[in-house]
>>> print(open('input.pdb').read())   # PDB, C-alpha atoms
ATOM      1  CA  MET A1186      -5.758 -40.438  25.083  1.00  0.00           C
ATOM      2  CA  ASP A1187      -7.462 -38.044  22.641  1.00  0.00           C
ATOM      3  CA  VAL A1188      -9.321 -40.936  21.038  1.00  0.00           C
ATOM      4  CA  ILE A1189     -10.686 -42.037  24.436  1.00  0.00           C
ATOM      5  CA  ARG A1190     -11.740 -38.485  25.307  1.00  0.00           C
ATOM      6  CA  ILE A1191     -13.447 -38.005  21.927  1.00  0.00           C
ATOM      7  CA  SER A1192     -15.144 -41.413  22.298  1.00  0.00           C
ATOM      8  CA  ILE A1193     -16.528 -40.488  25.738  1.00  0.00           C
ATOM      9  CA  ILE A1194     -17.788 -37.161  24.434  1.00  0.00           C
ATOM     10  CA  ALA A1195     -19.339 -38.871  21.397  1.00  0.00           C
ATOM     11  CA  VAL A1196     -21.137 -41.429  23.598  1.00  0.00           C
ATOM     12  CA  ALA A1197     -22.445 -38.650  25.865  1.00  0.00           C
ATOM     13  CA  ALA A1198     -23.593 -36.645  22.836  1.00  0.00           C
ATOM     14  CA  VAL A1199     -25.363 -39.684  21.376  1.00  0.00           C
ATOM     15  CA  ALA A1200     -27.099 -40.389  24.694  1.00  0.00           C
ATOM     16  CA  PHE A1201     -28.251 -36.776  24.990  1.00  0.00           C
ATOM     17  CA  THR A1202     -29.411 -36.823  21.365  1.00  0.00           C
ATOM     18  CA  VAL A1203     -31.500 -39.939  22.060  1.00  0.00           C
ATOM     19  CA  VAL A1204     -33.153 -38.179  25.018  1.00  0.00           C
ATOM     20  CA  MET A1205     -33.840 -35.132  22.843  1.00  0.00           C
ATOM     21  CA  VAL A1206     -35.335 -37.307  20.085  1.00  0.00           C
ATOM     22  CA  ILE A1207     -37.675 -38.960  22.603  1.00  0.00           C
ATOM     23  CA  ALA A1208     -38.725 -35.532  23.924  1.00  0.00           C
ATOM     24  CA  THR A1209     -39.269 -34.316  20.358  1.00  0.00           C
ATOM     25  CA  VAL A1210     -41.448 -37.315  19.515  1.00  0.00           C
ATOM     26  CA  ASN A1211     -43.587 -36.528  22.573  1.00  0.00           C
ATOM     27  CA  LEU A1212     -43.846 -32.883  21.520  1.00  0.00           C
ATOM     28  CA  ILE A1213     -44.901 -33.947  18.023  1.00  0.00           C
ATOM     29  CA  LYS A1214     -47.600 -36.206  19.505  1.00  0.00           C
ATOM     30  CA  ASP A1215     -48.826 -33.318  21.702  1.00  0.00           C
ATOM     31  CA  ALA A1216     -48.820 -30.895  18.767  1.00  0.00           C
ATOM     32  CA  ILE A1217     -50.820 -33.329  16.614  1.00  0.00           C
ATOM     33  CA  ALA A1218     -53.375 -33.912  19.390  1.00  0.00           C
ATOM     34  CA  MET A1219     -53.712 -30.169  20.033  1.00  0.00           C
ATOM     35  CA  SER A1220     -54.043 -29.465  16.314  1.00  0.00           C
ATOM     36  CA  ARG A1221     -56.856 -32.021  15.981  1.00  0.00           C
ATOM     37  CA  TYR A1222     -58.626 -30.528  18.989  1.00  0.00           C
ATOM     38  CA  LYS A1223     -58.212 -27.014  17.580  1.00  0.00           C
ATOM     39  CA  ARG A1224     -59.711 -28.084  14.231  1.00  0.00           C
ATOM     40  CA  LYS A1225     -62.816 -29.431  15.994  1.00  0.00           C
ATOM     41  CA  CYS A1226     -63.369 -26.124  17.781  1.00  0.00           C
ATOM     42  CA  LYS A1227     -64.547 -24.112  14.770  1.00  0.00           C
ATOM     43  CA  ASN A1228     -67.061 -21.635  16.183  1.00  0.00           C
ATOM     44  CA  GLN A1229     -66.022 -18.546  18.121  1.00  0.00           C
ATOM     45  CA  ALA A1230     -67.715 -16.872  21.080  1.00  0.00           C
ATOM     46  CA  ASP A1231     -67.069 -14.083  23.567  1.00  0.00           C
ATOM     47  CA  ALA A1232     -66.702 -15.699  26.965  1.00  0.00           C
ATOM     48  CA  ILE A1233     -66.029 -14.829  30.580  1.00  0.00           C
ATOM     49  CA  ILE A1234     -63.537 -16.822  32.623  1.00  0.00           C
ATOM     50  CA  LYS A1235     -65.713 -17.975  35.516  1.00  0.00           C
ATOM     51  CA  ARG A1236     -63.177 -20.123  37.297  1.00  0.00           C
ATOM     52  CA  LEU A1237     -59.450 -20.388  36.890  1.00  0.00           C
ATOM     53  CA  ARG A1238     -57.169 -22.756  38.694  1.00  0.00           C
ATOM     54  CA  LEU A1239     -53.471 -22.124  38.162  1.00  0.00           C
ATOM     55  CA  THR A1240     -50.819 -24.134  39.906  1.00  0.00           C
ATOM     56  CA  SER A1241     -47.505 -22.301  39.636  1.00  0.00           C
ATOM     57  CA  TYR A1242     -43.957 -23.514  39.969  1.00  0.00           C
ATOM     58  CA  LYS A1243     -40.993 -21.086  40.157  1.00  0.00           C
ATOM     59  CA  GLY A1244     -40.990 -17.308  40.004  1.00  0.00           C
ATOM     60  CA  GLY A1245     -39.238 -14.826  37.784  1.00  0.00           C
ATOM     61  CA  LYS A1246     -40.288 -13.725  34.325  1.00  0.00           C
ATOM     62  CA  TYR A1247     -41.897 -17.060  33.444  1.00  0.00           C
ATOM     63  CA  LYS A1248     -43.979 -19.452  35.457  1.00  0.00           C
ATOM     64  CA  HIS A1249     -44.726 -23.074  34.798  1.00  0.00           C
ATOM     65  CA  ARG A1250     -48.411 -23.544  35.353  1.00  0.00           C
ATOM     66  CA  ASP A1251     -51.101 -26.135  35.234  1.00  0.00           C
ATOM     67  CA  ALA A1252     -54.087 -24.163  33.961  1.00  0.00           C
ATOM     68  CA  LYS A1253     -57.705 -25.249  34.244  1.00  0.00           C
ATOM     69  CA  ALA A1254     -60.218 -22.643  33.103  1.00  0.00           C
ATOM     70  CA  THR A1255     -64.007 -22.687  33.101  1.00  0.00           C
ATOM     71  CA  TYR A1256     -65.649 -20.317  30.616  1.00  0.00           C
ATOM     72  CA  GLU A1257     -69.240 -19.191  30.207  1.00  0.00           C
ATOM     73  CA  PHE A1258     -70.628 -17.944  26.914  1.00  0.00           C
ATOM     74  CA  GLU A1259     -73.995 -17.465  25.254  1.00  0.00           C
ATOM     75  CA  LEU A1260     -75.088 -19.856  22.527  1.00  0.00           C
ATOM     76  CA  ASN A1261     -78.577 -19.640  21.020  1.00  0.00           C
ATOM     77  CA  GLY A1262     -79.835 -17.740  24.077  1.00  0.00           C
ATOM     78  CA  GLU A1263     -78.503 -20.279  26.552  1.00  0.00           C
ATOM     79  CA  THR A1264     -75.472 -20.048  28.808  1.00  0.00           C
ATOM     80  CA  VAL A1265     -72.886 -22.693  28.012  1.00  0.00           C
ATOM     81  CA  THR A1266     -70.110 -23.716  30.375  1.00  0.00           C
ATOM     82  CA  GLY A1267     -66.942 -24.908  28.660  1.00  0.00           C
ATOM     83  CA  ARG A1268     -63.578 -26.002  29.942  1.00  0.00           C
ATOM     84  CA  ASP A1269     -60.022 -25.493  28.791  1.00  0.00           C
ATOM     85  CA  ARG A1270     -56.954 -27.161  30.229  1.00  0.00           C
ATOM     86  CA  PHE A1271     -53.255 -27.012  29.576  1.00  0.00           C
ATOM     87  CA  TYR A1272     -49.979 -27.710  31.304  1.00  0.00           C
ATOM     88  CA  GLY A1273     -46.984 -25.631  30.399  1.00  0.00           C
ATOM     89  CA  LEU A1274     -45.132 -22.388  30.440  1.00  0.00           C
ATOM     90  CA  TYR A1275     -46.955 -19.069  30.508  1.00  0.00           C
ATOM     91  CA  PHE A1276     -46.060 -15.465  30.890  1.00  0.00           C
ATOM     92  CA  VAL A1277     -46.800 -14.194  34.366  1.00  0.00           C
ATOM     93  CA  LYS A1278     -49.510 -11.869  33.029  1.00  0.00           C
ATOM     94  CA  SER A1279     -52.482 -13.808  31.690  1.00  0.00           C
ATOM     95  CA  PRO A1280     -56.269 -13.405  31.885  1.00  0.00           C
ATOM     96  CA  GLY A1281     -57.882 -14.192  35.212  1.00  0.00           C
ATOM     97  CA  GLU A1282     -61.312 -14.885  36.642  1.00  0.00           C
ATOM     98  CA  GLY A1283     -63.913 -12.421  35.428  1.00  0.00           C
ATOM     99  CA  ASP A1284     -61.912 -11.428  32.338  1.00  0.00           C
ATOM    100  CA  ALA A1285     -63.555 -11.438  28.918  1.00  0.00           C
ATOM    101  CA  VAL A1286     -61.805 -13.577  26.308  1.00  0.00           C
ATOM    102  CA  LYS A1287     -62.544 -15.050  22.901  1.00  0.00           C
ATOM    103  CA  VAL A1288     -62.866 -18.823  22.780  1.00  0.00           C
ATOM    104  CA  LYS A1289     -63.485 -21.359  20.074  1.00  0.00           C
ATOM    105  CA  TYR A1290     -65.777 -24.274  20.770  1.00  0.00           C
ATOM    106  CA  ASP A1291     -66.738 -27.546  19.163  1.00  0.00           C
ATOM    107  CA  PRO A1292     -70.186 -27.016  17.563  1.00  0.00           C
ATOM    108  CA  THR A1293     -71.107 -30.666  18.186  1.00  0.00           C
ATOM    109  CA  SER A1294     -70.098 -30.411  21.858  1.00  0.00           C
ATOM    110  CA  PRO A1295     -69.883 -26.746  22.988  1.00  0.00           C
ATOM    111  CA  LYS A1296     -68.439 -27.652  26.395  1.00  0.00           C
ATOM    112  CA  HIS A1297     -65.178 -28.494  24.584  1.00  0.00           C
ATOM    113  CA  VAL A1298     -63.415 -25.157  24.384  1.00  0.00           C
ATOM    114  CA  TYR A1299     -60.189 -24.110  22.719  1.00  0.00           C
ATOM    115  CA  GLY A1300     -59.468 -21.014  24.767  1.00  0.00           C
ATOM    116  CA  TYR A1301     -56.625 -18.777  25.822  1.00  0.00           C
ATOM    117  CA  TYR A1302     -54.686 -21.460  27.649  1.00  0.00           C
ATOM    118  CA  SER A1303     -54.938 -24.055  24.874  1.00  0.00           C
ATOM    119  CA  ALA A1304     -53.842 -21.470  22.296  1.00  0.00           C
ATOM    120  CA  ARG A1305     -50.850 -20.409  24.402  1.00  0.00           C
ATOM    121  CA  GLY A1306     -49.928 -24.026  25.007  1.00  0.00           C
ATOM    122  CA  PHE A1307     -50.119 -24.899  21.316  1.00  0.00           C
ATOM    123  CA  ARG A1308     -47.817 -22.016  20.349  1.00  0.00           C
ATOM    124  CA  ARG A1309     -45.401 -22.911  23.158  1.00  0.00           C
ATOM    125  CA  THR A1310     -45.327 -26.565  22.055  1.00  0.00           C
ATOM    126  CA  ILE A1311     -44.448 -25.538  18.493  1.00  0.00           C
ATOM    127  CA  LEU A1312     -41.666 -23.248  19.774  1.00  0.00           C
ATOM    128  CA  TYR A1313     -40.246 -26.060  21.937  1.00  0.00           C
ATOM    129  CA  LEU A1314     -40.406 -28.396  18.962  1.00  0.00           C
ATOM    130  CA  VAL A1315     -38.402 -26.010  16.769  1.00  0.00           C
ATOM    131  CA  ASP A1316     -35.852 -25.470  19.560  1.00  0.00           C
ATOM    132  CA  PHE A1317     -35.452 -29.206  20.129  1.00  0.00           C
ATOM    133  CA  LEU A1318     -35.011 -29.899  16.413  1.00  0.00           C
ATOM    134  CA  LEU A1319     -32.288 -27.241  16.163  1.00  0.00           C
ATOM    135  CA  ILE A1320     -30.466 -28.646  19.197  1.00  0.00           C
ATOM    136  CA  GLU A1321     -30.710 -32.155  17.745  1.00  0.00           C
ATOM    137  CA  ALA A1322     -29.281 -30.983  14.421  1.00  0.00           C
ATOM    138  CA  VAL A1323     -26.288 -29.450  16.210  1.00  0.00           C
ATOM    139  CA  LEU A1324     -25.765 -32.564  18.344  1.00  0.00           C
ATOM    140  CA  ILE A1325     -25.992 -34.958  15.419  1.00  0.00           C
ATOM    141  CA  THR A1326     -23.545 -32.826  13.435  1.00  0.00           C
ATOM    142  CA  ALA A1327     -21.131 -32.798  16.385  1.00  0.00           C
ATOM    143  CA  VAL A1328     -21.366 -36.583  16.800  1.00  0.00           C
ATOM    144  CA  VAL A1329     -20.735 -37.166  13.090  1.00  0.00           C
ATOM    145  CA  VAL A1330     -17.696 -34.863  13.159  1.00  0.00           C
ATOM    146  CA  MET A1331     -16.310 -36.609  16.273  1.00  0.00           C
ATOM    147  CA  ILE A1332     -16.806 -40.052  14.782  1.00  0.00           C
ATOM    148  CA  MET A1333     -15.099 -38.990  11.563  1.00  0.00           C
ATOM    149  CA  ARG A1334     -12.060 -37.896  13.619  1.00  0.00           C
ATOM    150  CA  LEU A1335     -11.676 -41.331  15.219  1.00  0.00           C
TER     151      LEU A1335
END
>>> encode(input="input.pdb", output="structure tokens")
Amino acid sequence: MDVIRISIIAVAAVAFTVVMVIATVNLIKDAIAMSRYKRKCKNQADAIIKRLRLTSYKGGKYKHRDAKATYEFELNGETVTGRDRFYGLYFVKSPGEGDAVKVKYDPTSPKHVYGYYSARGFRRTILYLVDFLLIEAVLITAVVVMIMRL
């Protein structure tokens, strides 16, 4: 009976570990893409958030949001409009329309902006990645211990 129970738990742990590994691989892909985008956006400018579209889910301390921001900043005497976009988890308090923020932009294509929302999303992705890796380490250890007991 104990062997059957341990086997069922081991199978469930393996299945959950596989799901976590798939999620981690996706997070790694997102982190790599965001890192490449961040590296392209080398120059910094003071910008104003001209338009902000946030779609929120849930209340409480945190909100899941789709964030699409349009920034305006001066570059060589001309006004440039750049966009920033991210999907993820943000603190409830974040800059809104009309707020001044620092952004980084791609010098070869200034409309590509690495702004507040991209930066928050990149940090959040790295935190999720670390959390997922820790959970996976615990799960894999538990599965190995259970299998050794069989």
>>> resolve_selection(input="input.pdb", expression="the PyMOL selection byres ((chain A and resi 1199) around 12)", output="ChimeraX atom specification")
/A:1192-1198,1200-1206,1321-1329,1331-1332
>>> residues_around(input="input.pdb", residues="Arg1270 in chain A", least_positions_apart="4", cutoff="9 Å", atoms="all atoms listed in the file", output="list in words")
Asp1251, Ala1252, Lys1253, Ala1254, Thr1255, Val1298, Tyr1299, Gly1300, Tyr1302 and Ser1303 of chain A
>>> residues_around(input="input.pdb", residues="range 1230-1234 of chain A", least_positions_apart="6", cutoff="10 Å", atoms="all atoms listed in the file", output="list in words")
Ala1254, Thr1255, Tyr1256, Glu1257, Phe1258, Glu1259, Leu1260, Thr1264, Val1265, Thr1266, Gly1267, Arg1268, Pro1280, Gly1281, Glu1282, Gly1283, Asp1284, Ala1285, Val1286, Lys1287, Val1288, Lys1289, Tyr1290, Val1298, Gly1300 and Tyr1301 of chain A
>>> resolve_selection(input="input.pdb", expression="the PyMOL selection byres ((chain A and resi 1313) around 12)", output="PyMOL selection string")
chain A and resi 1205+1208-1213+1215-1216+1273-1274+1306-1312+1314-1320
>>> atom_distance(input="input.pdb", atom1="CA of Lys1225 in chain A", atom2="CA of Asp1269 in chain A")
13.7 Å
>>> atom_distance(input="input.pdb", atom1="CA of Ile1207 in chain A", atom2="CA of Met1219 in chain A")
18.5 Å
>>> atom_distance(input="input.pdb", atom1="CA of Gln1229 in chain A", atom2="CA of Ser1279 in chain A")
19.7 Å
